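See below for the structure under consideration.
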Amino acid sequence: MGLFILRRLGVMLLTAICLTFIVFFLTNLYPNLEKLAKTQGNFRMTDEAVASWLDDRGYIDNTFIKYGRWLGVAPGWVTEKEDGTVTGQCFKENAPVEERPTFCGVLQGDWGFSLVFKDEVSSLVAIRLGATGKLMGFVLLVMVPMSLIVGVLAGMREGSGLDRSLSTFSIATTATPEYVSGVIFIAIFASSAFGLKWFKGSATQAIENATFENFTLPVLTIALYGMGYIARMTRASMTEVMTAQYIRTARLKGVSFGNIVLKHALRNALIAPFTVIMLQIPWLLNGVVIVETLFNYKGFGWLLVQAAGNNDIELLLAVSVVSVVVVLITQLISDIGYVFLNPRIRIS
């Protein structure tokens, strides 16, 4: 198991480097840099002025060198102007020589500065990631148990009326986009149109103080959309297990149906859904952009939209890196969990 984890960690590290380099390369294409220069300087800047602005800040350098600086393995850029003023990536203007660090990147804990929010990128990401983490936690608490119950009940007796009803419900929830169900929930339960104004307050308030009234609708909107897919995977796995030879043998020996389901079928039926559940976490992190926008919940997805829409390169890079790391970590947990759930893989 230890060697397995080390191999996975090596693959994760290599994958993270490759993916972050691709994101870095795309965000540092010249049109983006030109827009950045004009946004921070003047939209009427000439091409020469734009090139000078970018050159003074190291944006014109080789992509690999810039990536090394951002990562923190290459020395930061230093520019000395004609009037003798010295500026650098790692220190403020005209800082004393002894206060000029050579390296300042991700590995040193410096994620850069957001030119749009005028704040440290690490602080912004931490706050918004925490907000989405709260939302994800409540969604998982609702979505996972409900989807597993629906899937197991549907798969216990394939072709029954209960199976058809629950399968239809699962397909309907998956086929309904979040922005549709969200609007429907708002119209019915949060407005006076139908006389059922049960949920009051804004989801923005839930970032600081989550209550039943301001947090139920966004949680329910996301949970319903995700639970259908997990429920269908659980149902398919359960129906396959219930037709296995050892289940038939247990029935012939007179084992009760409840014991067959709980003691023999359930564990094997949860192997495939476990992987699907882990794959929902990256989706919840970045895929809830529509829901966060719809309910004005300023989480990680909202931050991603703001970074991309305002060409905030440092912030966009940080958000992308966090997304990559979350995907890789969930994949690692999924692989390890799959090994523990499936004894045949452990033996091999």
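Residues in the structure tokens are numbered from 1 in each chain, the chains being A, B, ... in the order shown, and ligands are numbered from 1 in the order shown.
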Skip Arg251 (chain A) itself and residues of its chain fewer than 5 positions away, then list as a list of chain:residue names all residues within 12 Å of it, counting only C-alpha atoms.
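Contacts, in chain order: A:Met242, A:Thr243, A:Ala244, A:Gln245, A:Tyr246, A:Ser256, A:Phe257, A:Gly258, A:Asn259, A:Ile260, A:Val261, A:His264, A:Ala265.
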Save out the residues we just selected, all heavy atoms, as an mmCIF file, in the first residue's frame.
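Contents of the output file result_4.cif:
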```cif
data_model
loop_
_atom_site.group_PDB
_atom_site.id
_atom_site.type_symbol
_atom_site.label_atom_id
_atom_site.label_comp_id
_atom_site.auth_asym_id
_atom_site.auth_seq_id
_atom_site.Cartn_x
_atom_site.Cartn_y
_atom_site.Cartn_z
ATOM 1 N N MET A 242 -26.990 -8.241 -7.146
ATOM 2 C CA MET A 242 -28.113 -9.087 -6.749
ATOM 3 C C MET A 242 -28.292 -10.295 -7.655
ATOM 4 O O MET A 242 -28.995 -11.252 -7.296
ATOM 5 C CB MET A 242 -29.405 -8.257 -6.725
ATOM 6 C CG MET A 242 -29.444 -7.213 -5.622
ATOM 7 S SD MET A 242 -29.325 -7.897 -3.947
ATOM 8 C CE MET A 242 -30.883 -8.768 -3.825
ATOM 9 N N THR A 243 -27.683 -10.275 -8.840
ATOM 10 C CA THR A 243 -27.762 -11.426 -9.748
ATOM 11 C C THR A 243 -26.509 -12.288 -9.687
ATOM 12 O O THR A 243 -26.380 -13.228 -10.477
ATOM 13 C CB THR A 243 -27.979 -10.945 -11.200
ATOM 14 O OG1 THR A 243 -26.911 -10.061 -11.573
ATOM 15 C CG2 THR A 243 -29.308 -10.211 -11.331
ATOM 16 N N ALA A 244 -25.574 -11.975 -8.781
ATOM 17 C CA ALA A 244 -24.340 -12.743 -8.677
ATOM 18 C C ALA A 244 -24.614 -14.136 -8.098
ATOM 19 O O ALA A 244 -25.624 -14.376 -7.428
ATOM 20 C CB ALA A 244 -23.336 -11.993 -7.798
ATOM 21 N N GLN A 245 -23.666 -15.022 -8.348
ATOM 22 C CA GLN A 245 -23.839 -16.407 -7.944
ATOM 23 C C GLN A 245 -23.902 -16.567 -6.423
ATOM 24 O O GLN A 245 -24.696 -17.359 -5.904
ATOM 25 C CB GLN A 245 -22.688 -17.248 -8.507
ATOM 26 C CG GLN A 245 -22.812 -18.742 -8.229
ATOM 27 C CD GLN A 245 -24.052 -19.349 -8.867
ATOM 28 O OE1 GLN A 245 -24.373 -19.049 -10.016
ATOM 29 N NE2 GLN A 245 -24.766 -20.186 -8.125
ATOM 30 N N TYR A 246 -23.085 -15.817 -5.685
ATOM 31 C CA TYR A 246 -23.083 -15.985 -4.228
ATOM 32 C C TYR A 246 -24.383 -15.493 -3.602
ATOM 33 O O TYR A 246 -24.790 -15.953 -2.530
ATOM 34 C CB TYR A 246 -21.867 -15.292 -3.607
ATOM 35 C CG TYR A 246 -21.875 -13.781 -3.661
ATOM 36 C CD1 TYR A 246 -22.395 -13.032 -2.616
ATOM 37 C CD2 TYR A 246 -21.344 -13.088 -4.753
ATOM 38 C CE1 TYR A 246 -22.402 -11.651 -2.649
ATOM 39 C CE2 TYR A 246 -21.344 -11.712 -4.808
ATOM 40 C CZ TYR A 246 -21.871 -10.991 -3.755
ATOM 41 O OH TYR A 246 -21.864 -9.626 -3.799
ATOM 42 N N SER A 256 -32.391 -14.679 4.857
ATOM 43 C CA SER A 256 -33.448 -13.687 4.636
ATOM 44 C C SER A 256 -32.991 -12.611 3.654
ATOM 45 O O SER A 256 -31.798 -12.324 3.525
ATOM 46 C CB SER A 256 -33.849 -13.030 5.959
ATOM 47 O OG SER A 256 -32.778 -12.265 6.487
ATOM 48 N N PHE A 257 -33.974 -12.034 2.970
ATOM 49 C CA PHE A 257 -33.663 -11.026 1.956
ATOM 50 C C PHE A 257 -32.955 -9.822 2.564
ATOM 51 O O PHE A 257 -32.030 -9.259 1.972
ATOM 52 C CB PHE A 257 -34.957 -10.578 1.259
ATOM 53 C CG PHE A 257 -34.726 -9.634 0.111
ATOM 54 C CD1 PHE A 257 -34.267 -10.096 -1.116
ATOM 55 C CD2 PHE A 257 -34.953 -8.270 0.259
ATOM 56 C CE1 PHE A 257 -34.058 -9.230 -2.176
ATOM 57 C CE2 PHE A 257 -34.739 -7.397 -0.796
ATOM 58 C CZ PHE A 257 -34.291 -7.882 -2.003
ATOM 59 N N GLY A 258 -33.361 -9.426 3.768
ATOM 60 C CA GLY A 258 -32.722 -8.284 4.426
ATOM 61 C C GLY A 258 -31.258 -8.538 4.728
ATOM 62 O O GLY A 258 -30.407 -7.669 4.522
ATOM 63 N N ASN A 259 -30.948 -9.739 5.218
ATOM 64 C CA ASN A 259 -29.553 -10.084 5.503
ATOM 65 C C ASN A 259 -28.723 -10.171 4.228
ATOM 66 O O ASN A 259 -27.539 -9.817 4.224
ATOM 67 C CB ASN A 259 -29.477 -11.409 6.260
ATOM 68 C CG ASN A 259 -29.890 -11.267 7.716
ATOM 69 O OD1 ASN A 259 -29.761 -10.190 8.291
ATOM 70 N ND2 ASN A 259 -30.396 -12.335 8.306
ATOM 71 N N ILE A 260 -29.332 -10.663 3.168
ATOM 72 C CA ILE A 260 -28.617 -10.738 1.888
ATOM 73 C C ILE A 260 -28.214 -9.348 1.427
ATOM 74 O O ILE A 260 -27.082 -9.112 0.995
ATOM 75 C CB ILE A 260 -29.500 -11.429 0.825
ATOM 76 C CG1 ILE A 260 -29.623 -12.920 1.134
ATOM 77 C CG2 ILE A 260 -28.918 -11.223 -0.573
ATOM 78 C CD1 ILE A 260 -30.558 -13.661 0.207
ATOM 79 N N VAL A 261 -29.149 -8.412 1.539
ATOM 80 C CA VAL A 261 -28.870 -7.044 1.076
ATOM 81 C C VAL A 261 -27.833 -6.372 1.972
ATOM 82 O O VAL A 261 -26.850 -5.799 1.476
ATOM 83 C CB VAL A 261 -30.175 -6.217 1.042
ATOM 84 C CG1 VAL A 261 -29.865 -4.750 0.767
ATOM 85 C CG2 VAL A 261 -31.124 -6.768 -0.010
ATOM 86 N N HIS A 264 -24.322 -9.009 2.471
ATOM 87 C CA HIS A 264 -23.618 -9.582 1.332
ATOM 88 C C HIS A 264 -23.559 -8.651 0.117
ATOM 89 O O HIS A 264 -22.528 -8.568 -0.536
ATOM 90 C CB HIS A 264 -24.279 -10.915 0.925
ATOM 91 C CG HIS A 264 -24.286 -11.941 2.000
ATOM 92 N ND1 HIS A 264 -23.172 -12.691 2.329
ATOM 93 C CD2 HIS A 264 -25.260 -12.342 2.854
ATOM 94 C CE1 HIS A 264 -23.459 -13.521 3.311
ATOM 95 N NE2 HIS A 264 -24.728 -13.324 3.666
ATOM 96 N N ALA A 265 -24.662 -7.990 -0.181
ATOM 97 C CA ALA A 265 -24.737 -7.241 -1.429
ATOM 98 C C ALA A 265 -24.293 -5.788 -1.299
ATOM 99 O O ALA A 265 -23.692 -5.223 -2.218
ATOM 100 C CB ALA A 265 -26.171 -7.282 -1.976
#
```
Mind checking which residues fall within 6 Å of Trp77 (chain A), counting only C-alpha atoms, ignoring those fewer than 3 positions away in the same chain, and posting them as number ranges by chain?
A: 58, 88-89
Pick out the closest residue to Glu158 (chain A) from this set: A:Gln205, A:Thr132, A:Glu240, A:Ala172. Count only C-alpha atoms.
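Of the candidates, the smallest distance to Glu158 (chain A) is held by A:Glu240.
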Give me the residues within 6 Å of Ser147 (chain A) as a PyMOL selection string, counting only C-alpha atoms and dropping any in the same chain fewer than 2 places off.
chain A and resi 143-145+149-151+227+230-231
Excluding Phe117 (chain A) and residues on its chain fewer than 3 positions from it, collect all residues at most 12 Å away from it, counting only C-alpha atoms, and give them as a ChimeraX atom specification.
/A:112-114,120-125,303,306-307,310-312,314-315
Selection export as a CSV table (one decimal), in the first residue's frame, atoms kept: N, CA and C atoms:
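File selection-v1.csv, as written:
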```csv
chain,number,residue,atom,x,y,z
A,112,GLY,N,0.9,35.9,-5.0
A,112,GLY,CA,0.7,37.1,-5.8
A,112,GLY,C,-0.3,38.1,-5.3
A,113,PHE,N,-0.6,39.1,-6.0
A,113,PHE,CA,-1.5,40.2,-5.6
A,113,PHE,C,-2.6,40.4,-6.6
A,114,SER,N,-3.8,40.4,-6.2
A,114,SER,CA,-5.0,40.6,-7.1
A,114,SER,C,-5.1,42.1,-7.5
A,120,GLU,N,-4.2,40.3,-1.2
A,120,GLU,CA,-3.4,39.2,-1.5
A,120,GLU,C,-4.2,38.0,-2.0
A,121,VAL,N,-3.7,37.4,-3.0
A,121,VAL,CA,-4.4,36.3,-3.7
A,121,VAL,C,-4.7,35.1,-2.7
A,122,SER,N,-3.7,34.8,-1.9
A,122,SER,CA,-3.9,33.7,-0.9
A,122,SER,C,-5.0,34.0,0.0
A,123,SER,N,-5.2,35.2,0.5
A,123,SER,CA,-6.3,35.5,1.4
A,123,SER,C,-7.6,35.4,0.7
A,124,LEU,N,-7.7,35.9,-0.5
A,124,LEU,CA,-9.0,35.8,-1.3
A,124,LEU,C,-9.4,34.4,-1.5
A,125,VAL,N,-8.4,33.6,-2.0
A,125,VAL,CA,-8.7,32.2,-2.3
A,125,VAL,C,-9.1,31.4,-1.0
A,303,LEU,N,-15.5,33.4,-7.5
A,303,LEU,CA,-14.2,34.0,-7.6
A,303,LEU,C,-13.5,33.6,-8.9
A,306,GLN,N,-14.9,35.9,-11.6
A,306,GLN,CA,-14.4,37.3,-11.4
A,306,GLN,C,-13.0,37.3,-12.0
A,307,ALA,N,-12.2,36.3,-11.6
A,307,ALA,CA,-10.8,36.3,-12.1
A,307,ALA,C,-10.7,36.2,-13.6
A,310,ASN,N,-12.2,39.5,-15.4
A,310,ASN,CA,-11.4,40.7,-15.2
A,310,ASN,C,-9.9,40.6,-15.6
A,311,ASN,N,-9.6,39.4,-16.1
A,311,ASN,CA,-8.2,39.2,-16.6
A,311,ASN,C,-7.2,39.3,-15.4
A,312,ASP,N,-7.6,38.9,-14.3
A,312,ASP,CA,-6.8,38.9,-13.1
A,312,ASP,C,-5.9,37.7,-13.1
A,314,GLU,N,-2.9,36.7,-11.8
A,314,GLU,CA,-2.4,36.0,-10.6
A,314,GLU,C,-3.5,35.3,-9.9
A,315,LEU,N,-4.7,35.9,-9.8
A,315,LEU,CA,-5.8,35.2,-9.1
A,315,LEU,C,-6.3,34.0,-9.9
```
Within 8 Å of Tyr67 (chain A), counting only C-alpha atoms, which residues show up once you throw out same-chain ones fewer than 4 positions away? Write them as a PyMOL selection string, please.
chain A and resi 21+24+63+71
Quick one: write out the picked residues with N, CA and C atoms as a PDB file, in the first residue's frame?
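The resulting file, part_6.pdb, is shown below:
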```pdb
ATOM      1  N   PHE A  21       1.455  24.329 -15.744  1.00  0.00           N
ATOM      2  CA  PHE A  21       2.224  24.991 -16.798  1.00  0.00           C
ATOM      3  C   PHE A  21       1.332  25.344 -17.979  1.00  0.00           C
ATOM      4  N   PHE A  24      -0.683  28.281 -16.950  1.00  0.00           N
ATOM      5  CA  PHE A  24       0.198  29.456 -16.912  1.00  0.00           C
ATOM      6  C   PHE A  24       0.477  29.962 -18.319  1.00  0.00           C
ATOM      7  N   THR A  63       8.789  31.986 -21.318  1.00  0.00           N
ATOM      8  CA  THR A  63       7.687  31.401 -20.553  1.00  0.00           C
ATOM      9  C   THR A  63       8.182  30.481 -19.446  1.00  0.00           C
ATOM     10  N   LEU A  71       6.495  29.814  -9.748  1.00  0.00           N
ATOM     11  CA  LEU A  71       6.574  28.637  -8.902  1.00  0.00           C
ATOM     12  C   LEU A  71       7.495  28.861  -7.711  1.00  0.00           C
TER      13      LEU A  71
END
```
Quick one, how far is CA of Ser320 (chain A) from CA of Ile65 (chain A)?
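Distance between the two atoms: 19.6 Å.
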From a backbone DSSP assignment, name each residue in region 47-210 of chain A labelled helix (DSSP H, G or I), as number ranges by chain.
A: 47-56, 63-71, 97-99, 106-108, 121-156, 161-175, 178-189, 203-207
By how many Å are CA of Phe189 (chain A) and CA of Thr174 (chain A) apart?
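Separation between CA of Phe189 (chain A) and CA of Thr174 (chain A): 21.1 Å.
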From a backbone DSSP assignment, name each residue in region 24-199 of chain A labelled strand (DSSP E or B), as a list of chain:residue names.
A:Val78, A:Thr79, A:Glu80, A:Val86, A:Thr87, A:Gly88, A:Phe113, A:Ser114, A:Asp119, A:Glu120
May I have the selected residues written with C-alpha atoms, as a tab-separated table (two decimals), in the first residue's frame?
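Written output follows (out_20.tsv):
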```tsv
chain	number	residue	atom	x	y	z
A	78	VAL	CA	14.44	43.10	-10.95
A	79	THR	CA	14.18	46.35	-12.92
A	80	GLU	CA	16.33	49.44	-12.52
A	86	VAL	CA	14.92	49.74	-8.34
A	87	THR	CA	11.79	47.61	-8.35
A	88	GLY	CA	11.43	43.86	-8.16
A	113	PHE	CA	-1.48	40.19	-5.60
A	114	SER	CA	-4.95	40.59	-7.10
A	119	ASP	CA	-5.68	42.15	-1.90
A	120	GLU	CA	-3.39	39.17	-1.46
```
The residue from A:Thr20, A:Gln108, A:Ser52, A:Asn286 with the smallest atom-to-atom distance to Cys90 (chain A), counting only C-alpha atoms, is A:Gln108
What is the distance between CA of Ala236 (chain A) and CA of Tyr179 (chain A), in Å to one decimal?
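A separation of 27.6 Å between them.
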Looking at A:Leu115, A:Leu36, A:Leu341, A:Ala272, which one is nearest to Met238 (chain A), with distances taken over only C-alpha atoms?
A:Ala272
So, with only C-alpha atoms as the atoms that count, which of A:Gln280, A:Ser237, A:Thr102, A:Ser160 lies closest to Leu266 (chain A)?
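With only C-alpha atoms as the atom set, the closest residue is A:Ser237.
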Considering only C-alpha atoms, can you say which of A:Leu262, A:Ile277, A:Ile171, A:Leu217 comes closest to Ala187 (chain A)?
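Between A:Leu262, A:Ile277, A:Ile171, A:Leu217, the residue approaching Ala187 (chain A) most closely is A:Leu217.
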Can you pull out the residues contacting Ala206 (chain A)? Cut-off 8 Å, using only C-alpha atoms, and skip same-chain residues under 6 positions away; I want them as a PyMOL selection string.
chain A and resi 214-215+297
Can you tell me which residues surround Val241 (chain A) at a distance of at most 8 Å, considering only C-alpha atoms, apart from same-chain residues fewer than 5 positions away, and format the answer as a tab-separated table (two decimals) with all heavy atoms, in the first residue's frame?
```tsv
chain	number	residue	atom	x	y	z
A	247	ILE	N	-25.05	-14.55	-4.27
A	247	ILE	CA	-26.36	-14.09	-3.78
A	247	ILE	C	-27.40	-15.19	-3.99
A	247	ILE	O	-28.24	-15.47	-3.13
A	247	ILE	CB	-26.77	-12.79	-4.49
A	247	ILE	CG1	-25.79	-11.67	-4.15
A	247	ILE	CG2	-28.20	-12.41	-4.09
A	247	ILE	CD1	-25.77	-11.25	-2.71
A	265	ALA	N	-24.66	-7.99	-0.18
A	265	ALA	CA	-24.74	-7.24	-1.43
A	265	ALA	C	-24.29	-5.79	-1.30
A	265	ALA	O	-23.69	-5.22	-2.22
A	265	ALA	CB	-26.17	-7.28	-1.98
A	268	ASN	N	-20.37	-4.67	-1.78
A	268	ASN	CA	-19.91	-4.77	-3.16
A	268	ASN	C	-20.63	-3.79	-4.07
A	268	ASN	O	-20.06	-3.32	-5.06
A	268	ASN	CB	-20.11	-6.21	-3.67
A	268	ASN	CG	-19.17	-7.19	-3.02
A	268	ASN	OD1	-18.06	-6.82	-2.62
A	268	ASN	ND2	-19.60	-8.43	-2.88
A	269	ALA	N	-21.87	-3.49	-3.73
A	269	ALA	CA	-22.63	-2.55	-4.57
A	269	ALA	C	-22.15	-1.12	-4.42
A	269	ALA	O	-22.41	-0.28	-5.29
A	269	ALA	CB	-24.12	-2.64	-4.22
```
Between A:Phe103, A:Phe64, A:Tyr225, A:Tyr30, which is the closest to Val50 (chain A) once you count only C-alpha atoms?
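Nearest to Val50 (chain A): A:Tyr30.
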